[in-house]
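Participant: Got a file for you: upload-v3.cif, mmCIF, C-alpha atoms and all ligand atoms.
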```cif
data_query
loop_
_atom_site.label_atom_id
_atom_site.label_comp_id
_atom_site.auth_asym_id
_atom_site.auth_seq_id
_atom_site.Cartn_x
_atom_site.Cartn_y
_atom_site.Cartn_z
CA MET A 856 10.77 91.57 -39.33
CA GLU A 857 9.06 88.58 -37.71
CA THR A 858 9.36 88.60 -33.93
CA ALA A 859 8.75 86.03 -31.20
CA ASP A 860 9.58 85.51 -27.56
CA VAL A 861 11.61 82.43 -28.52
CA ALA A 862 13.25 81.38 -31.79
CA VAL A 863 14.02 77.66 -31.97
CA ILE A 864 16.80 76.83 -34.43
CA GLY A 865 16.20 73.43 -36.03
CA ALA A 866 13.03 71.56 -36.95
CA GLY A 867 14.16 68.06 -36.11
CA ILE A 868 12.31 66.22 -33.37
CA ALA A 869 14.21 68.14 -30.66
CA GLY A 870 13.33 71.58 -31.98
CA LEU A 871 9.71 70.81 -32.89
CA SER A 872 8.94 69.11 -29.57
CA ALA A 873 10.59 71.88 -27.51
CA ALA A 874 8.79 74.53 -29.58
CA ALA A 875 5.43 72.81 -29.07
CA GLU A 876 6.04 72.82 -25.30
CA LEU A 877 7.19 76.46 -25.24
CA ALA A 878 4.20 77.57 -27.32
CA ARG A 879 1.96 76.73 -24.35
CA SER A 880 3.14 79.94 -22.66
CA VAL A 881 5.16 82.13 -25.07
CA SER A 882 5.27 83.02 -28.77
CA VAL A 883 7.60 80.77 -30.78
CA ILE A 884 9.10 80.65 -34.27
CA VAL A 885 10.99 77.56 -35.43
CA VAL A 886 13.58 78.27 -38.13
CA GLU A 887 14.84 75.44 -40.30
CA THR A 888 17.43 75.30 -43.10
CA GLU A 889 15.68 72.61 -45.09
CA ALA A 890 12.42 72.74 -47.04
CA THR A 891 10.84 70.15 -44.74
CA PRO A 892 11.20 69.31 -41.03
CA ALA A 893 12.94 66.12 -39.89
CA HIS A 894 15.21 66.08 -42.94
CA HIS A 895 18.37 65.13 -41.02
CA ALA A 896 18.87 62.71 -38.08
CA THR A 897 15.18 62.62 -37.20
CA GLY A 898 14.13 61.30 -40.59
CA ARG A 899 16.88 58.68 -40.70
CA SER A 900 16.60 56.73 -37.44
CA ALA A 901 15.93 53.09 -36.62
CA ALA A 902 12.80 54.30 -34.80
CA LEU A 903 13.10 52.17 -31.68
CA TYR A 904 12.12 52.95 -28.09
CA ILE A 905 14.48 51.03 -25.80
CA PRO A 906 13.95 51.92 -22.11
CA THR A 907 17.36 50.63 -20.99
CA TYR A 908 19.41 52.34 -23.72
CA GLY A 909 21.88 55.09 -22.84
CA PRO A 910 23.32 56.61 -19.66
CA PRO A 911 21.13 57.16 -16.56
CA THR A 912 19.85 60.64 -17.40
CA VAL A 913 18.89 59.49 -20.88
CA ARG A 914 17.01 56.53 -19.42
CA ARG A 915 15.10 58.84 -17.09
CA LEU A 916 14.15 61.06 -20.03
CA THR A 917 13.07 57.95 -21.94
CA ALA A 918 10.92 56.76 -19.03
CA ALA A 919 9.35 60.20 -18.63
CA SER A 920 8.54 60.25 -22.37
CA ALA A 921 6.55 57.00 -22.22
CA PRO A 922 3.23 58.62 -21.16
CA PHE A 923 3.37 60.90 -24.22
CA PHE A 924 3.95 58.01 -26.62
CA ARG A 925 1.24 55.91 -24.99
CA SER A 926 -1.36 58.66 -24.48
CA ALA A 927 -1.07 59.66 -28.13
CA ASN A 928 -2.13 56.07 -28.76
CA ASP A 929 -5.34 56.90 -26.90
CA GLY A 930 -6.61 59.14 -29.65
CA ARG A 931 -4.40 62.26 -29.65
CA SER A 932 -2.79 61.03 -32.86
CA PRO A 933 -4.86 59.47 -35.67
CA THR A 934 -2.36 56.59 -35.73
CA PRO A 935 -0.60 54.90 -32.79
CA LEU A 936 2.83 56.38 -32.13
CA VAL A 937 4.28 53.13 -30.76
CA SER A 938 3.79 49.40 -31.15
CA PRO A 939 5.51 46.47 -29.39
CA ARG A 940 8.74 45.20 -30.97
CA THR A 941 10.79 42.46 -29.36
CA VAL A 942 14.53 43.06 -29.61
CA MET A 943 16.87 40.05 -29.54
CA TYR A 944 20.60 40.51 -28.88
CA VAL A 945 22.54 37.63 -30.44
CA ALA A 946 26.07 36.37 -29.87
CA ASP A 947 28.36 33.79 -31.38
CA GLU A 948 30.72 31.85 -29.11
CA ALA A 949 33.38 34.59 -29.40
CA HIS A 950 30.95 37.21 -28.09
CA HIS A 951 29.17 35.15 -25.43
CA ASP A 952 30.90 37.17 -22.69
CA HIS A 953 29.70 40.39 -24.33
CA LEU A 954 26.15 39.09 -24.13
CA LEU A 955 26.49 38.26 -20.43
CA ALA A 956 28.02 41.67 -19.69
CA PHE A 957 25.31 43.34 -21.78
CA ALA A 958 22.61 41.43 -19.88
CA ALA A 959 24.14 42.52 -16.56
CA GLY A 960 24.17 46.15 -17.73
CA HIS A 961 20.60 45.79 -18.91
CA GLY A 962 19.63 44.58 -15.42
CA GLU A 963 21.45 47.47 -13.74
CA ALA A 964 19.54 49.81 -16.07
CA GLY A 965 16.26 48.46 -14.71
CA GLY A 966 15.45 46.06 -17.54
CA SER A 967 15.52 42.31 -17.78
CA LEU A 968 16.91 40.32 -20.65
CA GLU A 969 15.60 36.77 -21.09
CA LEU A 970 18.72 34.71 -21.78
CA ILE A 971 18.18 31.82 -24.21
CA ASP A 972 20.40 29.30 -25.98
CA GLY A 973 21.22 29.06 -29.69
CA PRO A 974 18.34 26.74 -30.71
CA ALA A 975 15.80 28.90 -28.85
CA SER A 976 17.13 32.01 -30.61
CA ARG A 977 16.73 30.23 -33.97
CA ALA A 978 13.09 29.53 -33.12
CA ARG A 979 12.66 33.32 -32.93
CA CYS A 980 14.87 34.17 -35.91
CA PRO A 981 15.08 31.06 -38.13
CA ALA A 982 17.65 32.69 -40.42
CA LEU A 983 20.35 32.64 -37.71
CA ARG A 984 22.96 30.02 -38.60
CA ALA A 985 23.06 27.04 -36.23
CA ASP A 986 26.86 27.03 -36.40
CA TRP A 987 27.05 30.76 -35.59
CA VAL A 988 24.58 31.68 -32.87
CA ALA A 989 25.54 30.52 -29.38
CA ALA A 990 23.09 32.44 -27.22
CA ALA A 991 20.77 35.43 -27.17
CA GLY A 992 19.05 37.84 -24.82
CA VAL A 993 15.46 38.85 -25.48
CA ASP A 994 14.18 42.31 -24.52
CA HIS A 995 10.38 42.30 -24.27
CA ASP A 996 10.07 45.99 -23.33
CA ALA A 997 11.09 47.72 -26.56
CA LEU A 998 8.73 49.51 -28.93
CA ASP A 999 8.70 50.59 -32.56
CA ILE A 1000 8.08 54.32 -32.91
CA ASP A 1001 6.20 55.85 -35.82
CA VAL A 1002 8.60 58.79 -36.18
CA ALA A 1003 6.61 60.57 -38.90
CA ALA A 1004 3.44 60.46 -36.76
CA THR A 1005 5.40 61.59 -33.69
CA VAL A 1006 6.89 64.56 -35.54
CA ALA A 1007 3.45 65.38 -36.95
CA THR A 1008 2.00 65.33 -33.41
CA PHE A 1009 4.63 67.78 -32.12
CA ARG A 1010 4.18 69.99 -35.17
CA ALA A 1011 0.40 70.01 -34.74
CA GLY A 1012 0.85 70.98 -31.07
CA LEU A 1013 3.08 73.88 -32.11
CA VAL A 1014 0.64 75.16 -34.72
CA GLU A 1015 -2.46 74.73 -32.49
CA ARG A 1016 -0.79 76.95 -29.88
CA GLY A 1017 -0.01 79.66 -32.42
CA GLY A 1018 3.63 78.76 -33.03
CA LEU A 1019 5.21 79.31 -36.44
CA LEU A 1020 7.47 77.08 -38.53
CA ARG A 1021 9.70 78.76 -41.09
CA THR A 1022 11.43 76.31 -43.43
CA ASN A 1023 14.06 77.35 -46.00
CA HIS A 1024 15.36 79.66 -43.26
CA ARG A 1025 18.99 78.77 -42.56
CA VAL A 1026 20.41 80.87 -39.75
CA THR A 1027 23.62 82.45 -41.00
CA ALA A 1028 24.43 84.90 -38.20
CA LEU A 1029 23.27 85.78 -34.69
CA ASP A 1030 23.45 89.28 -33.34
CA ARG A 1031 22.96 89.89 -29.62
CA GLY A 1032 21.21 93.13 -28.74
CA ARG A 1033 20.23 94.52 -25.36
CA ASN A 1034 16.81 92.80 -25.41
CA GLY A 1035 17.55 89.66 -27.33
CA TRP A 1036 18.69 88.35 -30.66
CA THR A 1037 18.46 89.16 -34.34
CA LEU A 1038 18.77 86.05 -36.47
CA ALA A 1039 20.00 86.61 -40.02
CA THR A 1040 18.45 83.81 -42.07
CA THR A 1041 18.25 82.90 -45.74
CA GLY A 1042 14.51 83.67 -45.50
CA GLY A 1043 14.92 87.09 -43.90
CA PRO A 1044 15.71 88.42 -40.42
CA ILE A 1045 13.87 87.30 -37.28
CA SER A 1046 14.08 88.77 -33.80
CA ALA A 1047 13.57 86.91 -30.55
CA GLY A 1048 14.25 87.41 -26.87
CA THR A 1049 15.63 83.90 -26.44
CA ILE A 1050 17.18 81.34 -28.77
CA VAL A 1051 16.81 77.58 -28.34
CA ASN A 1052 19.64 75.84 -30.15
CA ALA A 1053 18.18 72.54 -31.39
CA SER A 1054 20.31 72.31 -34.49
CA GLY A 1055 21.36 68.65 -34.13
CA ALA A 1056 24.85 68.06 -35.51
CA TRP A 1057 25.30 71.83 -35.88
CA VAL A 1058 24.80 72.81 -32.20
CA ASP A 1059 28.39 73.92 -31.69
CA VAL A 1060 28.36 75.80 -35.03
CA VAL A 1061 25.28 77.75 -33.94
CA ALA A 1062 26.84 78.47 -30.52
CA ALA A 1063 29.89 79.90 -32.29
CA MET A 1064 27.58 82.22 -34.27
CA ALA A 1065 26.34 83.50 -30.91
CA GLY A 1066 29.91 84.05 -29.73
CA LEU A 1067 29.61 81.30 -27.12
CA ALA A 1068 32.07 78.54 -26.32
CA PRO A 1069 31.40 75.21 -28.06
CA LEU A 1070 30.71 72.24 -25.78
CA GLY A 1071 32.61 69.67 -27.86
CA PHE A 1072 29.70 67.78 -29.40
CA GLU A 1073 30.68 64.88 -31.68
CA PRO A 1074 28.46 63.96 -34.64
CA LYS A 1075 28.89 60.27 -35.54
CA ARG A 1076 27.65 58.78 -38.78
CA ARG A 1077 25.45 55.69 -38.73
CA THR A 1078 24.37 53.84 -41.88
CA LEU A 1079 21.07 52.10 -42.58
CA ALA A 1080 20.06 50.18 -45.68
CA VAL A 1081 17.11 48.22 -46.98
CA GLY A 1082 17.66 45.23 -49.24
CA PRO A 1083 16.00 42.05 -50.50
CA ILE A 1084 16.62 38.71 -48.79
CA ALA A 1085 17.02 35.26 -50.32
CA ALA A 1086 13.82 33.42 -51.30
CA GLY A 1087 12.56 31.39 -48.35
CA ALA A 1088 14.85 33.07 -45.80
CA ASP A 1089 12.99 33.88 -42.58
CA PRO A 1090 14.26 36.73 -40.36
CA GLY A 1091 11.30 36.38 -37.96
CA ASP A 1092 9.61 39.48 -36.60
CA HIS A 1093 12.13 40.52 -33.94
CA PHE A 1094 14.62 43.33 -34.24
CA VAL A 1095 17.94 41.46 -34.06
CA ALA A 1096 21.11 43.15 -32.82
CA HIS A 1097 24.60 41.75 -32.31
CA ALA A 1098 25.45 41.68 -28.59
CA ALA A 1099 28.65 43.66 -29.30
CA MET A 1100 26.80 45.94 -31.76
CA ARG A 1101 28.53 44.67 -34.92
CA PHE A 1102 25.21 44.81 -36.84
CA TYR A 1103 21.48 44.99 -36.43
CA PHE A 1104 18.56 44.08 -38.67
CA GLY A 1105 14.82 43.62 -38.81
CA ALA A 1106 12.23 42.58 -41.37
CA GLU A 1107 10.58 45.47 -43.15
CA HIS A 1108 7.77 44.96 -45.70
CA GLY A 1109 9.33 41.73 -47.02
CA ASP A 1110 12.83 43.27 -47.20
CA LEU A 1111 15.48 43.67 -44.52
CA LEU A 1112 16.38 46.92 -42.76
CA PHE A 1113 19.98 46.61 -41.61
CA SER A 1114 23.00 48.49 -40.28
CA PRO A 1115 26.65 47.84 -39.43
CA ALA A 1116 25.99 49.96 -36.30
CA ASP A 1117 28.84 52.23 -37.39
CA GLU A 1118 29.87 55.28 -35.37
CA THR A 1119 32.23 57.24 -37.60
CA LEU A 1120 33.19 60.71 -36.40
CA SER A 1121 31.94 63.33 -38.88
CA GLU A 1122 31.72 67.03 -39.49
CA PRO A 1123 28.18 68.42 -39.19
CA THR A 1124 26.91 67.70 -42.70
CA ASP A 1125 24.15 66.10 -44.75
CA ALA A 1126 25.47 62.59 -44.09
CA ARG A 1127 25.70 60.09 -46.96
CA PRO A 1128 26.22 56.34 -46.69
CA GLU A 1129 29.66 54.97 -47.61
CA GLU A 1130 29.63 51.82 -49.76
CA ILE A 1131 32.17 50.19 -47.46
CA ASP A 1132 29.84 50.50 -44.45
CA VAL A 1133 26.97 48.87 -46.35
CA ALA A 1134 29.35 46.09 -47.51
CA ILE A 1135 30.55 45.51 -43.93
CA ALA A 1136 26.95 45.13 -42.75
CA ILE A 1137 26.15 42.67 -45.54
CA ASP A 1138 29.27 40.60 -44.74
CA ARG A 1139 28.58 40.43 -41.02
CA ILE A 1140 24.89 39.61 -41.41
CA ASN A 1141 25.55 36.95 -44.06
CA GLU A 1142 28.16 35.38 -41.77
CA ALA A 1143 25.60 35.12 -38.96
CA THR A 1144 22.48 34.28 -40.99
CA THR A 1145 21.13 32.61 -44.12
CA LEU A 1146 19.39 35.84 -45.18
CA GLY A 1147 21.54 35.98 -48.33
CA LEU A 1148 21.86 39.77 -48.56
CA ARG A 1149 23.43 40.76 -51.90
CA SER A 1150 22.15 44.18 -52.84
CA VAL A 1151 20.38 47.20 -51.46
CA ARG A 1152 17.31 49.00 -52.66
CA GLN A 1153 18.13 52.09 -50.62
CA ALA A 1154 20.87 53.17 -48.21
CA TRP A 1155 21.14 56.27 -46.09
CA ALA A 1156 23.11 57.65 -43.17
CA GLY A 1157 22.46 60.09 -40.38
CA LEU A 1158 24.47 61.78 -37.66
CA ARG A 1159 24.02 60.82 -34.02
CA THR A 1160 25.43 63.75 -32.07
CA PHE A 1161 26.87 63.06 -28.63
CA SER A 1162 27.94 65.35 -25.80
CA ALA A 1163 31.21 64.69 -23.95
CA ASP A 1164 29.41 62.68 -21.25
CA GLY A 1165 26.84 61.06 -23.57
CA ASP A 1166 23.85 62.74 -21.94
CA LEU A 1167 21.61 65.40 -23.43
CA VAL A 1168 22.49 69.05 -22.81
CA LEU A 1169 19.37 71.07 -22.09
CA GLY A 1170 19.14 74.55 -20.63
CA PRO A 1171 20.60 78.06 -20.66
CA ASP A 1172 24.24 78.77 -21.36
CA PRO A 1173 25.80 80.13 -18.15
CA ALA A 1174 27.44 82.95 -20.14
CA ASP A 1175 24.11 84.03 -21.66
CA PRO A 1176 20.82 82.65 -20.29
CA ALA A 1177 19.02 83.91 -23.43
CA PHE A 1178 20.83 81.16 -25.36
CA VAL A 1179 19.37 77.75 -24.50
CA TRP A 1180 21.04 74.48 -25.50
CA CYS A 1181 18.96 71.51 -26.68
CA GLY A 1182 21.62 69.13 -27.99
CA GLY A 1183 23.39 65.81 -27.61
CA GLN A 1184 20.39 63.64 -28.51
CA GLY A 1185 22.84 60.93 -29.66
CA GLY A 1186 21.13 57.65 -30.53
CA TYR A 1187 18.13 58.34 -28.31
CA GLY A 1188 16.65 61.63 -29.53
CA ILE A 1189 13.37 60.07 -30.61
CA HIS A 1190 12.54 58.13 -27.46
CA THR A 1191 13.63 60.98 -25.13
CA SER A 1192 11.87 63.68 -27.15
CA ALA A 1193 8.74 64.31 -25.10
CA ALA A 1194 10.50 64.65 -21.74
CA ALA A 1195 13.49 66.51 -23.22
CA ALA A 1196 11.03 69.04 -24.66
CA MET A 1197 9.39 69.57 -21.26
CA ALA A 1198 12.80 70.00 -19.63
CA THR A 1199 14.04 72.41 -22.31
CA ALA A 1200 10.91 74.55 -22.08
CA SER A 1201 10.92 74.81 -18.29
CA LEU A 1202 14.66 75.56 -18.13
CA ALA A 1203 14.36 78.14 -20.93
CA LEU A 1204 11.55 79.88 -19.02
CA GLY A 1205 13.46 79.79 -15.73
CA GLU A 1206 10.94 77.42 -14.17
CA ALA A 1207 11.45 74.32 -12.03
CA LEU A 1208 11.34 70.97 -13.82
CA PRO A 1209 7.77 69.61 -14.01
CA ALA A 1210 6.76 66.95 -11.48
CA ALA A 1211 6.61 64.29 -14.20
CA LEU A 1212 10.37 64.69 -14.68
CA VAL A 1213 11.29 65.07 -11.01
CA ASP A 1214 9.30 61.90 -10.24
CA VAL A 1215 11.64 59.81 -12.41
CA GLY A 1216 14.68 61.27 -10.63
CA LEU A 1217 15.68 64.01 -13.08
CA ARG A 1218 17.48 67.06 -11.71
CA ALA A 1219 18.20 70.24 -13.62
CA SER A 1220 21.90 69.92 -12.72
CA ASP A 1221 22.08 66.65 -14.73
CA LEU A 1222 20.83 68.42 -17.84
CA VAL A 1223 22.25 71.94 -17.97
CA PRO A 1224 25.45 72.75 -19.91
CA ASP A 1225 27.31 73.93 -16.80
CA ARG A 1226 28.45 70.36 -16.12
CA LEU A 1227 30.51 70.32 -19.34
CA LEU A 1228 32.24 73.65 -18.96
CA ALA A 1229 35.87 73.82 -17.89
CA GLY A 1230 36.28 74.74 -14.23
CA HIS A 1231 32.77 73.62 -13.27
CA ASP A 1232 32.60 72.43 -9.67
CA ASP A 1233 30.18 69.49 -9.64
CA SER A 1234 30.41 68.98 -5.88
CA THR A 1235 27.35 71.19 -5.53
CA GLY A 1236 25.23 68.46 -7.22
C1 LIG A 1301 20.84 55.56 -38.21
C2 LIG A 1301 20.25 56.17 -36.97
C3 LIG A 1301 19.47 55.39 -36.13
C4 LIG A 1301 18.87 55.96 -34.99
N1 LIG A 1301 18.02 55.19 -34.25
C5 LIG A 1301 17.36 55.76 -33.21
C6 LIG A 1301 16.40 55.01 -32.48
O1 LIG A 1301 16.14 53.84 -32.78
N2 LIG A 1301 15.75 55.63 -31.43
C7 LIG A 1301 16.02 56.93 -31.08
O2 LIG A 1301 15.42 57.44 -30.13
N3 LIG A 1301 16.94 57.66 -31.77
C8 LIG A 1301 17.60 57.10 -32.81
N4 LIG A 1301 18.51 57.84 -33.52
C9 LIG A 1301 18.86 59.17 -33.03
C10 LIG A 1301 17.83 60.22 -33.41
O3 LIG A 1301 17.50 60.10 -34.78
C11 LIG A 1301 18.43 61.60 -33.11
O4 LIG A 1301 18.90 61.64 -31.77
C12 LIG A 1301 17.40 62.71 -33.26
O5 LIG A 1301 16.73 62.60 -34.49
C13 LIG A 1301 18.08 64.07 -33.17
O6 LIG A 1301 17.10 65.05 -33.40
P1 LIG A 1301 17.51 66.56 -33.55
O7 LIG A 1301 16.25 67.32 -33.74
O8 LIG A 1301 18.42 66.93 -32.43
O9 LIG A 1301 18.44 66.63 -34.86
P2 LIG A 1301 18.03 66.73 -36.39
O10 LIG A 1301 16.90 65.85 -36.73
O11 LIG A 1301 19.29 66.55 -37.17
O12 LIG A 1301 17.51 68.22 -36.54
C14 LIG A 1301 18.36 69.34 -36.46
C15 LIG A 1301 17.84 70.35 -37.47
O13 LIG A 1301 18.54 71.59 -37.31
C16 LIG A 1301 18.62 72.18 -38.58
N5 LIG A 1301 19.67 73.20 -38.57
C17 LIG A 1301 21.00 73.02 -38.35
N6 LIG A 1301 21.65 74.20 -38.45
C18 LIG A 1301 20.72 75.13 -38.75
C19 LIG A 1301 20.79 76.53 -39.01
N7 LIG A 1301 21.95 77.20 -39.00
N8 LIG A 1301 19.63 77.19 -39.29
C20 LIG A 1301 18.43 76.53 -39.30
N9 LIG A 1301 18.32 75.20 -39.09
C21 LIG A 1301 19.46 74.51 -38.81
C22 LIG A 1301 18.95 71.01 -39.49
O14 LIG A 1301 18.65 71.30 -40.85
C23 LIG A 1301 18.09 69.91 -38.91
O15 LIG A 1301 16.84 69.79 -39.57
C24 LIG A 1301 19.11 57.32 -34.66
C25 LIG A 1301 19.90 58.10 -35.51
C26 LIG A 1301 20.46 57.55 -36.65
C27 LIG A 1301 21.27 58.43 -37.56
#
```
Using structure tokens, write down the structure from this file.

Facilitator:
Amino acid sequence: METADVAVIGAGIAGLSAAAELARSVSVIVVETEATPAHHATGRSAALYIPTYGPPTVRRLTAASAPFFRSANDGRSPTPLVSPRTVMYVADEAHHDHLLAFAAGHGEAGGSLELIDGPASRARCPALRADWVAAAGVDHDALDIDVAATVATFRAGLVERGGLLRTNHRVTALDRGRNGWTLATTGGPISAGTIVNASGAWVDVVAAMAGLAPLGFEPKRRTLAVGPIAAGADPGDHFVAHAAMRFYFGAEHGDLLFSPADETLSEPTDARPEEIDVAIAIDRINEATTLGLRSVRQAWAGLRTFSADGDLVLGPDPADPAFVWCGGQGGYGIHTSAAAAMATASLALGEALPAALVDVGLRASDLVPDRLLAGHDDSTG
């Protein structure tokens, strides 16, 4: 039977990044259901880094992840992990108030949105209809993330440090012994002192296998599609999002990547796009633009899995410290990945959070699952 100090369940970005961090000091095996890593949410994202997105703890994790994304650009990865991408939030007259409220929230989150009028927004995205767009807010601080290169960087870090990745190994049962866990998997049994549960939409399912209380995570389906645009239509080079999140789109290799920004509650599953969601996106985008979307070349969906308070849940379960949560990555699991991995590893090993995380204001009490458990007294901070 293969044995390691830590078994990480799930080879999405959360599991691979946490495993790469842990492998600096302990032996690690990552076990993954699918034949390849990043098959689920990680391989299906919009791949944006938005510093102001999400609740405060998420934003701190995003800020603390920036050095990783940028330093990999200095030669640690053969290709840059991030590149600048302006995001423009657009509103028609009916949603002008949403834009102003969104801009205020953006400011409170430490960002600044350049507010512009309809004609100025059409200079940036010529396909916006003059009789639709009333105003826009431009975010100059966002980045495009190369998710495949980011995942490859974490995976390389894991392997360099002697960590193992076992694909086609779905965990089917967890047995707690005196010194740790035996994982029954479809690829054979594995034993480990500690489990890190980085199973994305399945985090509560895996906790139940361990006999632990679920934390009430909610997987929500989001649809993305790529389709051709009308001849001569010009989407510009910004990522364009509706101020009230009714759609978003961006040019991609001559086509358009687009989404209705749906958030449909789902079971943990291999999410598939619903035709109605693609049709809704096409309708909304055609109403706002002259892009003339009619068909799709490809559509897919993924699950964004949220905790009850919207923040990530990282750290040992209070009922069993040898079971470590790494869940609730929601819509920000890519841009929080580097810092979330550092936090998960230090909390799993019973260490203090690294200075790089403390310096951005992160506290272990904001991350650990205790805050979500019934009867928890949060007056202790
Ligand atoms: C449409 C869409 C757009 C998004 N856009 C962005 C964005 O712009 N920026 C951003 O930062 N984030 C974005 N996200 C969110 C981001 O993709 C997720 O937060 C992140 O990928 C979650 O990573 P994960 O590793 O937790 O989950 P996953 O990638 O789903 O990985 C979990 C893994 O666990 C495995 N697993 C589950 N159960 C078991 C088991 N029993 N045994 C073994 N393995 C198991 C699964 O097979 C899976 O591979 C988006 C998501 C979607 C769907």

Participant: Counting all atoms listed in the file, which of A:Thr1037, A:Gln1184, A:Thr934, A:Ser1192 gets nearest to Asp1164 in chain A?

Facilitator: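 Closest candidate: A:Gln1184.
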
Participant: Please report the interatomic distance between CA of Phe957 in chain A and CA of Leu1146 in chain A in Å with one decimal.

Facilitator: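 Going from CA of Phe957 in chain A over to CA of Leu1146 in chain A, I get 25.3 Å.
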
Participant: Could you give me, as a list in words, the residues within 7 Å of range 889-903 of chain A, counting all atoms listed in the file and dropping anything in the same chain fewer than 5 positions from it?

Facilitator: Ala866, Gly867, Ile868, Leu998, Asp999, Ile1000, Asp1001, Val1002, Thr1022, Asn1023, Asp1125, Ala1156, Gly1157, Leu1158 and Arg1159 of chain A

Participant: Which residues are close to Tyr1187 in chain A, i.e. within 8 Å by all atoms listed in the file, leaving aside same-chain residues fewer than 5 positions away? Reply as a PyMOL selection string.

Facilitator: chain A and resi 908-909+913

Participant: Pick the closest to Val1151 in chain A from A:Leu1079, A:Ala1203, A:Gly1091, A:Ala1211: which is it, counting only C-alpha atoms?

Facilitator: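 Checking each of A:Leu1079, A:Ala1203, A:Gly1091, A:Ala1211 against Val1151 in chain A, counting only C-alpha atoms, the winner is A:Leu1079.
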
Participant: As JSON, numbers by chain, please: the residues near range 944-951 of chain A (cut-off 6 Å, all atoms listed in the file, same-chain neighbours under 6 positions excluded).

Facilitator: {"A": [987, 988, 989, 990, 991, 992, 1095, 1096, 1097, 1098]}

Participant: Please enclose the listed atoms of ligand LIG 1301 (chain A) in an axis-aligned box, pad each side by 8 Å, and write out the centre and the three edge lengths in Å, rounded to one decimal, as AutoDock Vina command-line options.

Facilitator:
```
--center_x 18.7 --center_y 65.5 --center_z -35.5 --size_x 22.5 --size_y 39.4 --size_z 26.7
```

Participant: Using all atoms listed in the file, pick whichever of A:His995, A:Arg1101, A:Arg1139, A:His1190 has the shortest atom-to-atom distance to ligand LIG 1301 (chain A).

Facilitator: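 Counting all atoms listed in the file, the residue closest to ligand LIG 1301 (chain A) is A:His1190.
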
Participant: Please reconstruct the missing atoms of range 1088-1092 of chain A (target: all heavy atoms) and return them as a CSV table (one decimal), keeping the file's coordinate frame.

Facilitator:
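The resulting file, rebuild30.csv, is reproduced below:
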```csv
chain,number,residue,atom,x,y,z
A,1088,ALA,N,14.2,32.7,-47.0
A,1088,ALA,CA,14.8,33.1,-45.8
A,1088,ALA,C,13.9,33.7,-44.8
A,1088,ALA,O,13.0,34.5,-45.3
A,1088,ALA,CB,16.0,34.0,-46.1
A,1089,ASP,N,14.0,33.4,-43.5
A,1089,ASP,CA,13.0,33.9,-42.6
A,1089,ASP,C,13.7,34.6,-41.4
A,1089,ASP,O,14.2,34.0,-40.5
A,1089,ASP,CB,12.2,32.7,-42.0
A,1089,ASP,CG,11.1,33.1,-41.1
A,1089,ASP,OD1,11.0,34.3,-40.8
A,1089,ASP,OD2,10.4,32.2,-40.5
A,1090,PRO,N,13.6,36.0,-41.4
A,1090,PRO,CA,14.3,36.7,-40.4
A,1090,PRO,C,13.4,36.8,-39.1
A,1090,PRO,O,13.9,37.3,-38.1
A,1090,PRO,CB,14.4,38.1,-41.0
A,1090,PRO,CG,13.3,38.2,-42.0
A,1090,PRO,CD,13.0,36.8,-42.5
A,1091,GLY,N,12.2,36.2,-39.1
A,1091,GLY,CA,11.3,36.4,-38.0
A,1091,GLY,C,10.8,37.8,-37.8
A,1091,GLY,O,11.1,38.6,-38.7
A,1092,ASP,N,10.1,38.1,-36.7
A,1092,ASP,CA,9.6,39.5,-36.6
A,1092,ASP,C,10.3,40.3,-35.5
A,1092,ASP,O,9.9,41.4,-35.2
A,1092,ASP,CB,8.1,39.5,-36.4
A,1092,ASP,CG,7.7,38.7,-35.1
A,1092,ASP,OD1,8.6,38.3,-34.4
A,1092,ASP,OD2,6.5,38.5,-34.9
```
